[in-house]
Every structure is written in structure tokens, then in C-alpha cells.
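Q: Let me give you the structure first, and then I'll get to my questions.
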Amino acid sequence: MLFVVISWVIFLILSLCGTALAARHMLHMFQLNSYKPKLQRKWMRKNFRQLLPLFIPLAGGFFFWPKKAKIALKYTARVKRMIFTACVLAALWIALGIWPSGISLWGCVYSYALQLLSPLLVLLANALNGPLEAAIRRYYIRDAKRLLKGHGALTVVGITGSYGKTSVKFYLNTLLRAKYNVLMTPESFNTPMGVVKTIRGSLNASHEIFICEMGAKQPGDIRELCDIARPKHGILTSIGPQHLESFGSLENVIKTKFELADALPEGGVLFANGDDANVRGGWDKYPRVVSYSAEPDGPGYRAEDIAVGERGTSFAVITPGGERERFDTRLVGRHNVVNLVGAIAAAHSLGVPLADLRARARRIEPVPHRLELIERGGMLLLDDAYNSNPSGARAALDTLRLFEGENTKILVTPGMIELGAKQEELNAVFGAQAAAACDYIVLVGEAQTRPIRQGALAAGFAEERLFTAPGLGEAMAYVNAIPGGKRKIVLLENDLPDNY
């Protein structure tokens with residue numbers, strides 16, 4: 001009898017530990033899915049094979065033992081509240097089922113069922129916490145609005161776009177500091193709670209300009225952010241097929257990005273990328289638009305005489321009023337010229353002399369993981385791993401082409417994601433573009449990179465120079481083993497998040 005009791009207790013403990021590990025993994029994925037139940041359910045359907053270990057009694061839950069993540073689970077106040085609620089639910093499950101059944105087969109089955117239901121435990125905890133989370137969210141938003149309203153002298157500049165917004169934010173912050181005390185949303189704090197946290201935690205009476213990055217994954221997201229931040233001016237960097245899984249269509253992306261323009265008050269200026277067709281196609285109805293461009297005949301602020309090398313870029317900026325100034329920067333790539341001209345246009349319009357901006361532009365450093373140049377082990381890495389999209393990937397390949405001479409040009413990529421029904425098509429196009437720019441193509445992960453492989457081969461790329469690796473470690477090992485005495489230029493394009 002003692003053996004039975006001990007075995008039953010061990011089974012129960014192992015089952016509960018497995019449940020806890022699996023639930024923690026689901027909570028991590030839920031956080032990466034922006035706490036959106038719809039996205040979490042979609043992720044669960046798409047990654048059902050990942051959940052199959054839960055069907056293995058006892059051992060199944062331990063397949064979710066915490067591994068080193070690219071973005072670790074952040075134990076925010078919200079996460080802690082969800083953990084508490086999930087623990088209460090698990091305790092109720094035990095009290096109502098496992099405990100009354102005593103030492104029996106039914107008790108073992110009941111504990112195993114809790115392990116099976118651990119993915120739903122997170123969603124249920126979130127649903128039960130919903131009213132409380134909504135009340136807390138409303139309080140924080142009201143408090144942030146109160147702080148902004150009480151800071152009457154503050155000018156808010158909103159920045160949005162499918163890509164380029166974080167780079168423009170950092171560039172503008174550096175340029176404006178020539179004259180103003182500036183606050184900007186840090187890192188990728190471009191969600192409502194990220195913006196609110198910045199305002200409540202960092203805004204003070206000495207700040208004159210608040211640069212607010214605004215991200216979106218579905219229609220209405222930019223409108224919500226504008227309702228909080230109340231921008232006076234806006235910068236629209238680009239519009240393209242990104243997050244199509246949640247937006248549904250490019251038309252919805254365009255409408256959502258222009259929610260920033262819709263929110264600007266009378267007298268507010270929209271600074272818009274004139275090189276982006278989707279941006280140009282929607283700005284006509286707005287009264288005050290200042291465009292920027294890297295084309296010499298572009299309207300508004302424009303760059304000309306662009307000289308791009310592997311160590312930086314120089315170009316001249318012509319203002320709408322005819323002023324001209326030469327700029328030198330450590331940034332590489334034509335698309336970074338466009339982003340920098342956009343920041344120059346906004347800073348100059350806000351009163352910083354063009355000559356002062358020239359000196360500040362020399363201080364601008366590449367934004368980490370956004371086409372950042374890194375020397376490593378005799379190789380030159382073009383680190384563009386933060387994110388990827390069709391326009392950005394094409395721009396990164398264009399930058400790789402700049403490295404002429406005795407170089408071996410290598411692409412390392414897991415492909416592009418969140419492109420909805422067009423994902424395979426756009427990745428195949430990416431493969432064809434890579435075939436024209438690279439000496440070697442190294443794909444990370446077999447399933448999602450298959451369209452890239454097909455596109456490259458269809459474009460005539462040599463199959464013996466195309467390698468598929470199961471992970472980044474194996475991919476870089478292959479890169480290191482590539483023969484030849486030439487210097488290797490390696491473009492790291494995208495790094496899939498932990499929920500992919």
C-alpha cells in the first residue's frame with residue numbers, strides 16, 4: 001500500500017510540474033502574440049505539432065522545459081496576475097477532482113487531464129482577468145493623458161510605417177538634440193502600454209519634444225495610439241505588405257498607417273516618404289504634407305549626389321526653399337539615406353538650422369540589427385536581423401551589392417513571415433532577388449524557406465551554393481567553411497521570434 005501511495009504522489013507531482021512548464025511556455029507565446037487571444041489561438045492551430053508532447057503522460061510537460069529564448073518571458077505585473085489566476089484555477093481543479101478521488105486511477109487521469117488542458121489554462125486565466133486588466137489599462141491611459149495635457153509646451157511627433165520607423169526615430173532624436181530637450185519611446189515601445197509607460201515613467205517638465213513611435217498589427221491600432229499621444233506632427237516612413245496575417249490586406253495596412261495623418265490637428269504637418277508609392281497615393285487629401293525623397297527630382301526635401309561605400313554614405317540635401325548642405329554619415333544603404341532625409345526634413349522644419357544638422361548627422365550610429373556593420377573573425381557582417389519585409393529585404397540585398405571587388409557575398413536568412421496568403425510568393429521573389437546579388441545562399445530552417453530555395457533555383461542560382469541548415473549555429477558553421485581567400489560579406493536577414 002505504501003508503494004501505491006508513493007507512486008501516486010510522484011505521479012501527481014510530476015504531472016503538476018509538467019503542467020506548470022507547459023503553461024509557462026504557453027504564457028511566453030501569449031506574450032509574444034501581444035496578449036491577443038485571437039493570435040494565440042491561431043498560433044496554437046498553426047503549431048499543433050509543438051503541443052503534441054502534452055499527450056505523453058508525465059514526460060510530455062517536460063518537453064517545455066525553459067530553453068534559452070531570443071526574447072525571454074518578461075514577468076510584468078500583468079504576467080504575474082495571470083500566473084496567480086492560473087494557479088488558482090489549477091488548485092480548484094485539484095480540489096474538485098484529484099483530491100476527492102483519492103489514491104485511484106481516476107485521480108491520475110484527472111491530473112493528466114490538467115496537463116492536456118494547460119494551453120487553455122492561459123487563455124482562461126486571461127479571460128477571467130479581462131475586466132481587471134481593462135480597468136488597469138484605462139487608469140494608466142488616463143494618467144498618461146493627464147500628464148501630456150499638463151505639459152502644455154510639449155510638441156509630440158508621431159512616427160509610423162511598415163518599416164523604417166525605429167531608424168527614423170533614432171535619427172530624429174539625435175538631430176533634434178542640437179536644439180531641444182527630447183524624449184523618445186525607447187527600443188520598440190510602440191504599443192499603447194509601451195507609450196504609456198514611457199510617458200508615466202520618463203516625461204518631465206524640461207522636455208520640449210516627445211518622439212512617439214507607433215506600431216500596428218491590426219486596423220485601429222494607430223488611431224488608439226494617437227488618442228493617447230495626441231501628436232502635432234507625424235512622419236510616415238513607408239507602407240508595405242507586413243503583418244498581413246492580422247491586417248488581412250494591404251488596403252487595411254494603408255488605411256491604418258494613414259490614421260496618423262487623420263489625427264493631426266490644424267497646423268500639423270505630415271512628413272511623408274515620397275519614394276514610397278503607397279504613401280504618395282494617399283497623401284493628396286491632407287492639407288500640410290512635406291515630402292522627402294532620395295531621388296534628385298523628388299518633391300520637398302530631397303537627396304542628390306549620393307555616394308555610398310562600405311564605410312558610410314555622403315549626400316547633399318536640398319530643401320524646398322533651395323538651401324543645400326552636404327551630409328556625411330556612417331550609415332550604409334540607400335534606404336537609410338531616405339530615412340535620414342526624413343529625419344532631416346522634420347528637424348529642419350522644427351527649427352534646427354541645416355548646418356547644425358550636418359554636425360549631428362555625423363554622430364548617428366546604425367540602429368542595432370538594422371543593417372548594422374560588424375567586423376567579426378575576418379568577416380564583415382551586415383546585421384539586418386531585427387525584422388524583415390519585402391522592401392527591407394530588397395534594400396538589404398541592394399546594399400550587399402555595393403561590396404564589389406574581392407569579396408564573397410553570402411546571405412543567411414530564415415525568410416520572411418507574417419505575410420499572410422502572399423508569404424510563399426513574396427519569399428520566392430526574395431529568393432530570385434538573392435540569386436542576383438549573392439555568391440552563396442544559406443537558409444535557416446527547411447519548411448518556411450522552401451519558397452526562397454525554389455525562387456533562387458528558378459532564377460538560375462547554382463544548387464551547390466545553396467545550403468539549408470536546421471539552425472543559425474549550423475548555418476554559420478557552413479559560412480565559416482566556405483573556401484576561398486576572399487573576404488566574406490555576410491548579410492544576416494531576419495531572425496524569427498520564439499513563437500515561430
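Labels used: A, B, ... for chains in the order of the C-alpha cells, numbers from 1 for residues in each chain, and numbers from 1 for ligands as shown.
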Which of segment 280-443 of chain A end up as strand (DSSP E or B) when DSSP is run on this backbone - answer as a PyMOL selection string?

A: chain A and resi 289-293+301-309+312-318+324-329+372-376+379-384+407-413+440-443

Q: Figure out the distance between atom CA of Lys409 of chain A and atom CA of Cys438 of chain A, please, to one decimal in Å.

A: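 Atom CA of Lys409 of chain A lies 5.1 Å from atom CA of Cys438 of chain A.
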
Q: Quote the spacing between atom CA of Asp276 of chain A and atom CA of Glu224 of chain A in Å to one decimal place.

A: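 Atom CA of Asp276 of chain A sits 24.5 Å away from atom CA of Glu224 of chain A.
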
Q: Excluding segment 117-129 of chain A and residues on its chain fewer than 3 positions from it, collect all residues at most 8 Å away from it, counting only C-alpha atoms, and give them as number ranges by chain.

A: A: 19-20, 22-23, 26-27, 37, 81-83, 85-86, 89, 113-114, 132-133

Q: Pick out the closest residue to Gln218 of chain A from this set: A:Glu251, A:Glu266, A:Glu323, A:Glu187. Count only C-alpha atoms.

A: A:Glu251

Q: Extract, using only C-alpha atoms, all DNA, RNA and protein residues at most 12 Å from Ala469 of chain A, discarding same-chain residues fewer than 2 positions from it, and format them as a short mmCIF file (atom, residue, chain, number, x, y, z; two decimals) with N, CA and C atoms, in the first residue's frame.

A:
data_model
loop_
_atom_site.label_atom_id
_atom_site.label_comp_id
_atom_site.auth_asym_id
_atom_site.auth_seq_id
_atom_site.Cartn_x
_atom_site.Cartn_y
_atom_site.Cartn_z
N VAL A 412 22.37 34.88 -45.27
CA VAL A 412 21.91 33.91 -44.27
C VAL A 412 20.52 34.39 -43.81
N THR A 413 19.50 33.57 -44.01
CA THR A 413 18.13 34.03 -43.69
C THR A 413 17.19 32.87 -43.38
N PRO A 414 16.24 33.09 -42.46
CA PRO A 414 15.16 32.13 -42.25
C PRO A 414 13.91 32.50 -43.05
N ILE A 441 23.86 31.27 -50.77
CA ILE A 441 22.63 31.49 -50.02
C ILE A 441 22.52 30.40 -48.98
N VAL A 442 22.41 30.80 -47.71
CA VAL A 442 22.29 29.84 -46.61
C VAL A 442 20.94 30.07 -45.94
N LEU A 443 20.08 29.06 -45.99
CA LEU A 443 18.72 29.15 -45.46
C LEU A 443 18.66 28.48 -44.09
N VAL A 444 17.94 29.10 -43.17
CA VAL A 444 17.84 28.59 -41.81
C VAL A 444 16.43 28.05 -41.60
N GLY A 445 16.31 26.72 -41.47
CA GLY A 445 15.01 26.07 -41.33
C GLY A 445 14.49 25.65 -42.70
N GLU A 446 14.01 24.43 -42.79
CA GLU A 446 13.64 23.90 -44.10
C GLU A 446 12.25 24.32 -44.56
N ALA A 447 11.25 24.21 -43.66
CA ALA A 447 9.86 24.38 -44.08
C ALA A 447 9.58 25.79 -44.62
N GLN A 448 9.88 26.82 -43.81
CA GLN A 448 9.49 28.17 -44.21
C GLN A 448 10.40 28.76 -45.27
N THR A 449 11.58 28.15 -45.52
CA THR A 449 12.50 28.70 -46.52
C THR A 449 12.37 28.01 -47.88
N ARG A 450 11.50 27.01 -47.99
CA ARG A 450 11.36 26.28 -49.25
C ARG A 450 11.05 27.21 -50.43
N LEU A 466 23.79 26.65 -52.55
CA LEU A 466 22.58 26.91 -51.76
C LEU A 466 22.47 25.82 -50.70
N PHE A 467 22.50 26.24 -49.43
CA PHE A 467 22.54 25.28 -48.32
C PHE A 467 21.41 25.58 -47.35
N GLY A 471 19.52 25.23 -38.06
CA GLY A 471 19.56 26.34 -37.11
C GLY A 471 20.66 27.32 -37.48
N LEU A 472 20.69 28.46 -36.78
CA LEU A 472 21.67 29.50 -37.09
C LEU A 472 23.10 29.03 -36.84
N GLY A 473 23.30 28.22 -35.79
CA GLY A 473 24.64 27.72 -35.50
C GLY A 473 25.21 26.91 -36.65
N GLU A 474 24.39 26.02 -37.20
CA GLU A 474 24.83 25.20 -38.33
C GLU A 474 25.04 26.05 -39.59
N ALA A 475 24.18 27.09 -39.72
CA ALA A 475 24.31 27.98 -40.87
C ALA A 475 25.64 28.72 -40.85
N MET A 476 26.03 29.26 -39.67
CA MET A 476 27.28 29.99 -39.58
C MET A 476 28.49 29.06 -39.69
N ALA A 477 28.33 27.82 -39.25
CA ALA A 477 29.41 26.84 -39.42
C ALA A 477 29.66 26.60 -40.91
N TYR A 478 28.58 26.53 -41.69
CA TYR A 478 28.71 26.37 -43.14
C TYR A 478 29.40 27.60 -43.75
N VAL A 479 28.99 28.79 -43.30
CA VAL A 479 29.61 30.03 -43.80
C VAL A 479 31.10 30.04 -43.51
#

Q: Counting only C-alpha atoms, which of A:Leu12, A:Ile209, A:Ile482, A:Leu147 gets nearest to Ile228 of chain A?

A: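 Looking at the shortest contact to Ile228 of chain A, the residue is A:Leu147.
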
Q: Which of segment 249-475 of chain A end up as helix (DSSP H, G or I) when DSSP is run on this backbone - answer as JSON, numbers by chain?

A: {"A": [250, 251, 252, 253, 254, 255, 256, 257, 259, 260, 261, 262, 263, 277, 278, 279, 280, 334, 335, 336, 337, 338, 339, 340, 341, 342, 343, 344, 345, 346, 347, 348, 349, 354, 355, 356, 357, 358, 359, 360, 361, 390, 391, 392, 393, 394, 395, 396, 397, 398, 399, 400, 401, 420, 421, 422, 423, 424, 425, 426, 427, 428, 429, 430, 431, 432, 433, 434, 435, 436, 437, 450, 451, 452, 453, 454, 455, 456, 457, 458, 463, 464, 465, 472, 473, 474, 475]}

Q: If I take atom CA of Met416 of chain A and atom CA of Asp384 of chain A, how far is one from the other in Å, to one decimal?

A: 12.3 Å

Q: I'd like the contact shell of Gly194 of chain A - 12 Å cut-off, only C-alpha atoms, skipping same-chain residues fewer than 3 positions apart - returned as a PyMOL selection string.

A: chain A and resi 34+137+140-141+144+184-191+197-202+212-215+225+228-229

Q: Tell me which of A:Pro390, A:Ala481, A:Phe461, A:Ile489 sits closest to Asn407 of chain A, counting only C-alpha atoms.

A: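 Once distances to Asn407 of chain A are computed over only C-alpha atoms, the minimum belongs to A:Ile489.
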
Q: Which residues are close to Asp383 of chain A, i.e. within 8 Å by only C-alpha atoms, leaving aside same-chain residues fewer than 5 positions away? Reply as a list of chain:residue names.

A: A:Pro368, A:His369, A:Arg370, A:Leu371, A:Glu372, A:Leu373, A:Ile374, A:Leu491, A:Leu492, A:Glu493

Q: For those residues, write N, CA and C atoms to a file as a tab-separated table (two decimals), in the first residue's frame.

A:
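Resulting contents of result-v2.tsv:
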chain	number	residue	atom	x	y	z
A	368	PRO	N	20.95	49.07	-33.85
A	368	PRO	CA	21.32	47.64	-33.73
A	368	PRO	C	20.38	46.73	-34.51
A	369	HIS	N	20.99	45.79	-35.25
A	369	HIS	CA	20.29	44.75	-36.01
A	369	HIS	C	19.46	45.31	-37.16
A	370	ARG	N	19.74	46.55	-37.55
A	370	ARG	CA	19.05	47.13	-38.71
A	370	ARG	C	20.12	47.58	-39.70
A	371	LEU	N	20.67	46.61	-40.41
A	371	LEU	CA	21.76	46.80	-41.36
A	371	LEU	C	22.97	47.41	-40.66
A	372	GLU	N	23.31	46.82	-39.53
A	372	GLU	CA	24.45	47.25	-38.72
A	372	GLU	C	25.71	46.54	-39.21
A	373	LEU	N	26.78	47.28	-39.42
A	373	LEU	CA	28.05	46.72	-39.88
A	373	LEU	C	28.87	46.23	-38.69
A	374	ILE	N	29.27	44.95	-38.73
A	374	ILE	CA	30.03	44.36	-37.62
A	374	ILE	C	31.19	43.56	-38.20
A	491	LEU	N	25.28	38.84	-45.10
A	491	LEU	CA	24.04	39.55	-44.77
A	491	LEU	C	23.16	38.63	-43.92
A	492	LEU	N	22.93	39.03	-42.67
A	492	LEU	CA	22.02	38.29	-41.79
A	492	LEU	C	20.65	38.96	-41.90
A	493	GLU	N	19.76	38.35	-42.66
A	493	GLU	CA	18.46	38.96	-42.95
A	493	GLU	C	17.35	38.24	-42.18
